[in-house]
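A.B. asks: There's a structure below that I have some questions on.
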Amino acid sequence: MSLAAATNENLAHTSNVLIYSSMAVYTLAFFAHIAEWVFGSRSKVGRTAAALSGQGGAGSAAKARIGQQAGGTAVLERPKVVTRSAAGSRDVPDGPGAAGGTFKGDLWGRIAVSLTVVAFAVQAGGVVARAMSVRRAPWGNMYEFSITFSTVAVGAYLILLALRKNVRWIGLLLVTTVLLDLGIATTTLYTDSDQLVPALHSYWLWIHVSTAIICGAVFYLGAVGTLLYLFRDSYENKIANGGTPGRFASSVLERLPAAKSLDTFSYRINAAVFPLWTFTIIAGAIWAGDAWGRYWGWDPKEVWSFITWVAYACYLHARATAGWKGRKAAYLALIAFGCWLFNYYGVNIFVTGKHSYAGV
């Protein structure tokens with residue numbers, strides 16, 4: 001075995017070790033996030049943060065504080081009242097999210113974020129080591145795409161946190177999804193380091209596939225916000241109609257941002273990345289022209305990429321149409337993300353086309 005081959009094999013082994021190590025740290029972050037929600041939900045702030053106008057009128061926006069009388073520390077302010085996105089006129093304040101509630105809950109949340117940062121760094125190192133082992137972009141097959149996708153998703157989440165956005169409520173679902181993604185990647189999709197087929201030897205690999213990964217990661221964050229919006233909106237509707245939410249809703253859903261806030265978050269995320277998805281499709285067409293001599297050939301991957309584009313375009317148009325705001329538009333957003341998921345897993349595994357050269 002030559003020195004170069006031995007070096008590549010060592011780098012591939014290092015990549016595998018780092019990916020498995022990141023899974024171990026993500027698991028610790030998962031339990032820390034669980035502790036954050038459990039301890040936070042026990043507090044008075046956690047139980048009352050999402051009081052509706054029917055339960056307190058304009059006075060529900062009053063400040064809620066928790067702290068130590070002696071030290072005067074850890075003072076939490078009631079979030080600002082925002083207007084609900086669905087039909088209706090009542091005002092709903094944001095809950096404290098994953099953070100807030102108790103000092104212990106917030107401490108566990110900070111530990112969870114710190115562990116997520118460590119896991120992200122280790123996973124990113126695994127992706128870089130994989131790239132060095134094959135001396136190319138580390139997304140030539142589904143395994144490489146998957147480990148890079150989850151890395152970018154966590155990176156986007158951490159960037160939002162660094163910008164002081166109230167998104168820590170995403171952490172538990174994100175870490176859970178990343179563990180699922182890496183579990184599937186390492187057990188089912190794993191492919192040994194190897195070189196690409198001639199059609200993929202192009203600088204367009206860096207441009208087209210990297211933007212596809214970024215779009216998918218950000219679309220995922222938008223889908224999480226949309227899904228939680230539907231749960232939170234149902235919770236608000238139930239209380240407004242005089243119903244009594246169950247214990248789970250009382251301890252978790254009321255601590256989420258208001259339905260309006262979740263809806264706005266998802267819309268802004270999807271709207272911001274939609275132009276990049278448009279560019280991804282255009283870049284893929286240009287690359288197809290260079291590699292196969294035609295810009296569009298109705299290949300399954302091309303068709304489902306376009307279907308995904310149409311679905312998100314319909315969602316964005318629906319958000320601008322008064323009669324389709326709220327839950328109807330949210331369903332469209334989830335359908336659109338479902339199209340993206342099928343374009344990745346379904347088309348790659350179950351459908352044969354020109355994009356099947358990399359196997360899994």
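Every chain in the structure tokens has a letter given in the order shown (A, B, ...), and although residue numbers restart at 1 in each chain, ligands are simply numbered from 1 in the order shown.
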Considering only C-alpha atoms, return as an mmCIF file with N, CA and C atoms, in the first residue's frame whatever protein or nucleic-acid residues lie within 12 Å of Leu174 in chain A, sequence-local ones (same chain, fewer than 5 positions apart) excluded.

C.D. replies:
```cif
data_model
loop_
_atom_site.group_PDB
_atom_site.id
_atom_site.type_symbol
_atom_site.label_atom_id
_atom_site.label_comp_id
_atom_site.auth_asym_id
_atom_site.auth_seq_id
_atom_site.Cartn_x
_atom_site.Cartn_y
_atom_site.Cartn_z
ATOM 1 N N TYR A 26 -23.932 14.365 21.071
ATOM 2 C CA TYR A 26 -25.314 14.759 20.786
ATOM 3 C C TYR A 26 -26.292 14.042 21.727
ATOM 4 N N THR A 27 -25.980 12.800 22.080
ATOM 5 C CA THR A 27 -26.835 12.064 23.012
ATOM 6 C C THR A 27 -26.855 12.736 24.373
ATOM 7 N N ALA A 29 -26.314 15.902 24.855
ATOM 8 C CA ALA A 29 -27.076 17.142 24.642
ATOM 9 C C ALA A 29 -28.571 16.859 24.649
ATOM 10 N N PHE A 30 -28.967 15.718 24.101
ATOM 11 C CA PHE A 30 -30.378 15.329 24.081
ATOM 12 C C PHE A 30 -30.926 15.228 25.506
ATOM 13 N N HIS A 33 -31.230 18.634 27.108
ATOM 14 C CA HIS A 33 -32.418 19.347 26.635
ATOM 15 C C HIS A 33 -33.676 18.828 27.330
ATOM 16 N N ALA A 112 -26.915 22.097 27.544
ATOM 17 C CA ALA A 112 -27.320 21.445 26.295
ATOM 18 C C ALA A 112 -26.756 22.167 25.089
ATOM 19 N N VAL A 113 -26.810 23.492 25.101
ATOM 20 C CA VAL A 113 -26.270 24.265 23.984
ATOM 21 C C VAL A 113 -24.757 24.087 23.895
ATOM 22 N N THR A 116 -24.047 20.841 22.398
ATOM 23 C CA THR A 116 -24.360 20.886 20.971
ATOM 24 C C THR A 116 -23.234 21.542 20.193
ATOM 25 N N PHE A 120 -21.141 19.677 17.382
ATOM 26 C CA PHE A 120 -21.051 20.281 16.047
ATOM 27 C C PHE A 120 -19.602 20.369 15.593
ATOM 28 N N SER A 150 -26.714 17.344 8.292
ATOM 29 C CA SER A 150 -26.985 17.560 9.712
ATOM 30 C C SER A 150 -25.984 18.535 10.317
ATOM 31 N N THR A 151 -24.745 18.543 9.826
ATOM 32 C CA THR A 151 -23.764 19.512 10.300
ATOM 33 C C THR A 151 -24.207 20.931 9.989
ATOM 34 N N VAL A 152 -24.684 21.147 8.768
ATOM 35 C CA VAL A 152 -25.130 22.480 8.362
ATOM 36 C C VAL A 152 -26.380 22.889 9.133
ATOM 37 N N ALA A 153 -27.297 21.939 9.372
ATOM 38 C CA ALA A 153 -28.514 22.247 10.125
ATOM 39 C C ALA A 153 -28.168 22.730 11.538
ATOM 40 N N VAL A 154 -27.259 22.027 12.204
ATOM 41 C CA VAL A 154 -26.844 22.451 13.544
ATOM 42 C C VAL A 154 -26.121 23.788 13.473
ATOM 43 N N GLY A 155 -25.291 23.968 12.451
ATOM 44 C CA GLY A 155 -24.585 25.232 12.292
ATOM 45 C C GLY A 155 -25.535 26.407 12.121
ATOM 46 N N ALA A 156 -26.597 26.214 11.329
ATOM 47 C CA ALA A 156 -27.591 27.272 11.132
ATOM 48 C C ALA A 156 -28.285 27.609 12.452
ATOM 49 N N TYR A 157 -28.609 26.587 13.224
ATOM 50 C CA TYR A 157 -29.236 26.785 14.535
ATOM 51 C C TYR A 157 -28.320 27.569 15.469
ATOM 52 N N LEU A 158 -27.043 27.226 15.496
ATOM 53 C CA LEU A 158 -26.101 27.913 16.367
ATOM 54 C C LEU A 158 -25.882 29.352 15.921
ATOM 55 N N VAL A 167 -34.525 30.940 19.723
ATOM 56 C CA VAL A 167 -34.762 29.685 18.997
ATOM 57 C C VAL A 167 -34.302 28.468 19.791
ATOM 58 N N ARG A 168 -34.048 28.632 21.078
ATOM 59 C CA ARG A 168 -33.556 27.479 21.827
ATOM 60 C C ARG A 168 -34.596 26.374 21.914
ATOM 61 N N TRP A 169 -35.844 26.700 21.675
ATOM 62 C CA TRP A 169 -36.900 25.697 21.675
ATOM 63 C C TRP A 169 -36.732 24.693 20.541
ATOM 64 N N LEU A 179 -29.457 12.955 15.548
ATOM 65 C CA LEU A 179 -29.121 11.593 15.957
ATOM 66 C C LEU A 179 -29.753 10.564 15.029
ATOM 67 N N LEU A 180 -31.002 10.796 14.632
ATOM 68 C CA LEU A 180 -31.664 9.893 13.696
ATOM 69 C C LEU A 180 -30.960 9.907 12.350
ATOM 70 N N ASP A 181 -30.604 11.097 11.872
ATOM 71 C CA ASP A 181 -29.921 11.231 10.585
ATOM 72 C C ASP A 181 -28.578 10.514 10.597
ATOM 73 N N ALA A 217 -31.103 22.114 4.914
ATOM 74 C CA ALA A 217 -30.924 22.344 6.345
ATOM 75 C C ALA A 217 -31.816 23.475 6.846
ATOM 76 N N VAL A 218 -31.897 24.558 6.082
ATOM 77 C CA VAL A 218 -32.714 25.694 6.503
ATOM 78 C C VAL A 218 -34.195 25.377 6.337
ATOM 79 N N TYR A 220 -35.443 22.577 6.798
ATOM 80 C CA TYR A 220 -35.756 21.732 7.955
ATOM 81 C C TYR A 220 -36.111 22.588 9.172
ATOM 82 N N LEU A 221 -35.325 23.627 9.434
ATOM 83 C CA LEU A 221 -35.628 24.508 10.567
ATOM 84 C C LEU A 221 -36.997 25.156 10.391
ATOM 85 N N GLY A 222 -37.308 25.547 9.153
ATOM 86 C CA GLY A 222 -38.627 26.113 8.896
ATOM 87 C C GLY A 222 -39.735 25.100 9.130
ATOM 88 N N ALA A 223 -39.488 23.843 8.762
ATOM 89 C CA ALA A 223 -40.498 22.797 8.958
ATOM 90 C C ALA A 223 -40.743 22.536 10.441
ATOM 91 N N VAL A 224 -39.677 22.583 11.251
ATOM 92 C CA VAL A 224 -39.843 22.414 12.703
ATOM 93 C C VAL A 224 -40.720 23.527 13.262
ATOM 94 N N GLY A 225 -40.439 24.758 12.851
ATOM 95 C CA GLY A 225 -41.250 25.877 13.304
ATOM 96 C C GLY A 225 -42.702 25.744 12.877
#
```

A.B. asks: From the list A:Arg232, A:Phe31, A:Ile19, A:Ile111, which residue is nearest Gln123 in chain A when using only C-alpha atoms?

C.D. replies: A:Ile19

A.B. asks: Out of A:Ser22, A:Arg319, A:Gly109, A:Trp309, which residue has the shortest atom-to-atom distance to Ile170 in chain A when counting only C-alpha atoms?

C.D. replies: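 The closest residue to Ile170 in chain A is A:Gly109.
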
A.B. asks: Using only C-alpha atoms, which protein or nucleic acid residues come within 7 Å of range 335-352 of chain A? Drop anything in the same chain fewer than 4 positions from it, and give the result as an NGL selection string.

C.D. replies: :A and (219 or 223 or 300-301 or 304-305 or 308 or 311-312 or 331 or 356)

A.B. asks: Any chance you could export the current selection's N, CA and C atoms as a tab-separated table (two decimals), in the first residue's frame?

C.D. replies:
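Just written: selection08.tsv:
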```tsv
chain	number	residue	atom	x	y	z
A	219	PHE	N	-34.56	24.68	5.25
A	219	PHE	CA	-35.95	24.24	5.10
A	219	PHE	C	-36.37	23.38	6.29
A	223	ALA	N	-39.49	23.84	8.76
A	223	ALA	CA	-40.50	22.80	8.96
A	223	ALA	C	-40.74	22.54	10.44
A	300	PRO	N	-35.76	11.88	-12.72
A	300	PRO	CA	-36.55	11.94	-11.48
A	300	PRO	C	-36.06	12.98	-10.48
A	301	LYS	N	-34.75	13.10	-10.33
A	301	LYS	CA	-34.22	14.10	-9.41
A	301	LYS	C	-34.55	15.50	-9.87
A	304	TRP	N	-38.42	16.11	-9.25
A	304	TRP	CA	-38.81	16.33	-7.86
A	304	TRP	C	-38.19	17.60	-7.29
A	305	SER	N	-37.04	18.01	-7.81
A	305	SER	CA	-36.50	19.31	-7.41
A	305	SER	C	-37.44	20.43	-7.85
A	308	THR	N	-40.60	20.37	-5.71
A	308	THR	CA	-40.32	21.02	-4.43
A	308	THR	C	-40.34	22.53	-4.58
A	311	ALA	N	-43.92	23.65	-4.84
A	311	ALA	CA	-44.61	23.55	-3.55
A	311	ALA	C	-44.26	24.73	-2.65
A	312	TYR	N	-42.98	25.08	-2.58
A	312	TYR	CA	-42.60	26.22	-1.75
A	312	TYR	C	-43.09	27.53	-2.35
A	331	TYR	N	-49.86	23.81	6.30
A	331	TYR	CA	-49.94	22.48	5.68
A	331	TYR	C	-49.16	22.45	4.36
A	356	SER	N	-28.33	8.39	-10.05
A	356	SER	CA	-28.16	7.18	-9.24
A	356	SER	C	-26.73	6.64	-9.29
```

A.B. asks: Could you pull out the residues in range 139-340 of chain A that DSSP calls helix (DSSP H, G or I) from the backbone, as a count of residues only?

C.D. replies: 160

A.B. asks: I need the residue nearest Val310 in chain A from this list: A:Trp287, A:Phe279, A:Tyr143, A:Phe274. Use only C-alpha atoms for the distance.

C.D. replies: A:Phe274

A.B. asks: Of the residues A:Val134, A:Ala291, A:Val25, A:Ala119, which is the one nearest to His13 in chain A, using only C-alpha atoms?

C.D. replies: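 Comparing A:Val134, A:Ala291, A:Val25, A:Ala119 against His13 in chain A, the winner is A:Val134.
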
A.B. asks: Can you tell me how far CA of Ile207 in chain A sits from CA of Val128 in chain A, in Å to one decimal?

C.D. replies: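 Distance between the two atoms: 17.0 Å.
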
A.B. asks: As a PyMOL selection string, please: the residues near Leu262 in chain A (cut-off 9 Å, only C-alpha atoms, same-chain neighbours under 3 positions excluded).

C.D. replies: chain A and resi 225-226+228-229+232+256-259+265-267

A.B. asks: With N, CA, C and O atoms retained, could you export that selection as a PDB file, in the first residue's frame?

C.D. replies:
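Generated output (again.pdb):
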```pdb
ATOM      1  N   GLY A 225     -40.439  24.758  12.851  1.00  0.00           N
ATOM      2  CA  GLY A 225     -41.250  25.877  13.304  1.00  0.00           C
ATOM      3  C   GLY A 225     -42.702  25.744  12.877  1.00  0.00           C
ATOM      4  O   GLY A 225     -43.623  26.045  13.648  1.00  0.00           O
ATOM      5  N   THR A 226     -42.917  25.271  11.655  1.00  0.00           N
ATOM      6  CA  THR A 226     -44.284  25.090  11.152  1.00  0.00           C
ATOM      7  C   THR A 226     -45.024  24.016  11.931  1.00  0.00           C
ATOM      8  O   THR A 226     -46.201  24.180  12.290  1.00  0.00           O
ATOM      9  N   LEU A 228     -44.483  22.957  15.012  1.00  0.00           N
ATOM     10  CA  LEU A 228     -44.786  23.435  16.361  1.00  0.00           C
ATOM     11  C   LEU A 228     -45.865  24.513  16.331  1.00  0.00           C
ATOM     12  O   LEU A 228     -46.657  24.633  17.278  1.00  0.00           O
ATOM     13  N   TYR A 229     -45.901  25.280  15.249  1.00  0.00           N
ATOM     14  CA  TYR A 229     -46.971  26.275  15.099  1.00  0.00           C
ATOM     15  C   TYR A 229     -48.338  25.599  15.112  1.00  0.00           C
ATOM     16  O   TYR A 229     -49.280  26.085  15.755  1.00  0.00           O
ATOM     17  N   ARG A 232     -49.126  24.557  18.678  1.00  0.00           N
ATOM     18  CA  ARG A 232     -49.384  25.716  19.525  1.00  0.00           C
ATOM     19  C   ARG A 232     -50.707  26.398  19.138  1.00  0.00           C
ATOM     20  O   ARG A 232     -51.467  26.852  20.008  1.00  0.00           O
ATOM     21  N   LEU A 256     -43.848  27.520  24.550  1.00  0.00           N
ATOM     22  CA  LEU A 256     -43.372  27.849  23.218  1.00  0.00           C
ATOM     23  C   LEU A 256     -43.717  29.294  22.878  1.00  0.00           C
ATOM     24  O   LEU A 256     -44.592  29.902  23.498  1.00  0.00           O
ATOM     25  N   PRO A 257     -43.051  29.873  21.872  1.00  0.00           N
ATOM     26  CA  PRO A 257     -43.495  31.177  21.380  1.00  0.00           C
ATOM     27  C   PRO A 257     -44.941  31.089  20.912  1.00  0.00           C
ATOM     28  O   PRO A 257     -45.452  30.008  20.617  1.00  0.00           O
ATOM     29  N   ALA A 258     -45.620  32.214  20.839  1.00  0.00           N
ATOM     30  CA  ALA A 258     -47.004  32.246  20.389  1.00  0.00           C
ATOM     31  C   ALA A 258     -47.110  31.729  18.964  1.00  0.00           C
ATOM     32  O   ALA A 258     -46.125  31.710  18.209  1.00  0.00           O
ATOM     33  N   ALA A 259     -48.303  31.293  18.577  1.00  0.00           N
ATOM     34  CA  ALA A 259     -48.515  30.777  17.229  1.00  0.00           C
ATOM     35  C   ALA A 259     -48.077  31.784  16.183  1.00  0.00           C
ATOM     36  O   ALA A 259     -47.486  31.432  15.155  1.00  0.00           O
ATOM     37  N   PHE A 265     -41.694  33.065  12.111  1.00  0.00           N
ATOM     38  CA  PHE A 265     -40.354  32.480  12.034  1.00  0.00           C
ATOM     39  C   PHE A 265     -40.241  31.549  10.832  1.00  0.00           C
ATOM     40  O   PHE A 265     -39.299  31.641  10.037  1.00  0.00           O
ATOM     41  N   SER A 266     -41.210  30.645  10.688  1.00  0.00           N
ATOM     42  CA  SER A 266     -41.173  29.679   9.587  1.00  0.00           C
ATOM     43  C   SER A 266     -41.250  30.376   8.238  1.00  0.00           C
ATOM     44  O   SER A 266     -40.523  30.029   7.298  1.00  0.00           O
ATOM     45  N   TYR A 267     -42.120  31.356   8.142  1.00  0.00           N
ATOM     46  CA  TYR A 267     -42.275  32.079   6.875  1.00  0.00           C
ATOM     47  C   TYR A 267     -40.982  32.787   6.489  1.00  0.00           C
ATOM     48  O   TYR A 267     -40.544  32.713   5.336  1.00  0.00           O
TER      49      TYR A 267
END
```

A.B. asks: One number please: CA of Leu3 in chain A to CA of Thr191 in chain A, in Å, one decimal.

C.D. replies: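 Spanning CA of Leu3 in chain A to CA of Thr191 in chain A is a straight-line distance of 22.2 Å.
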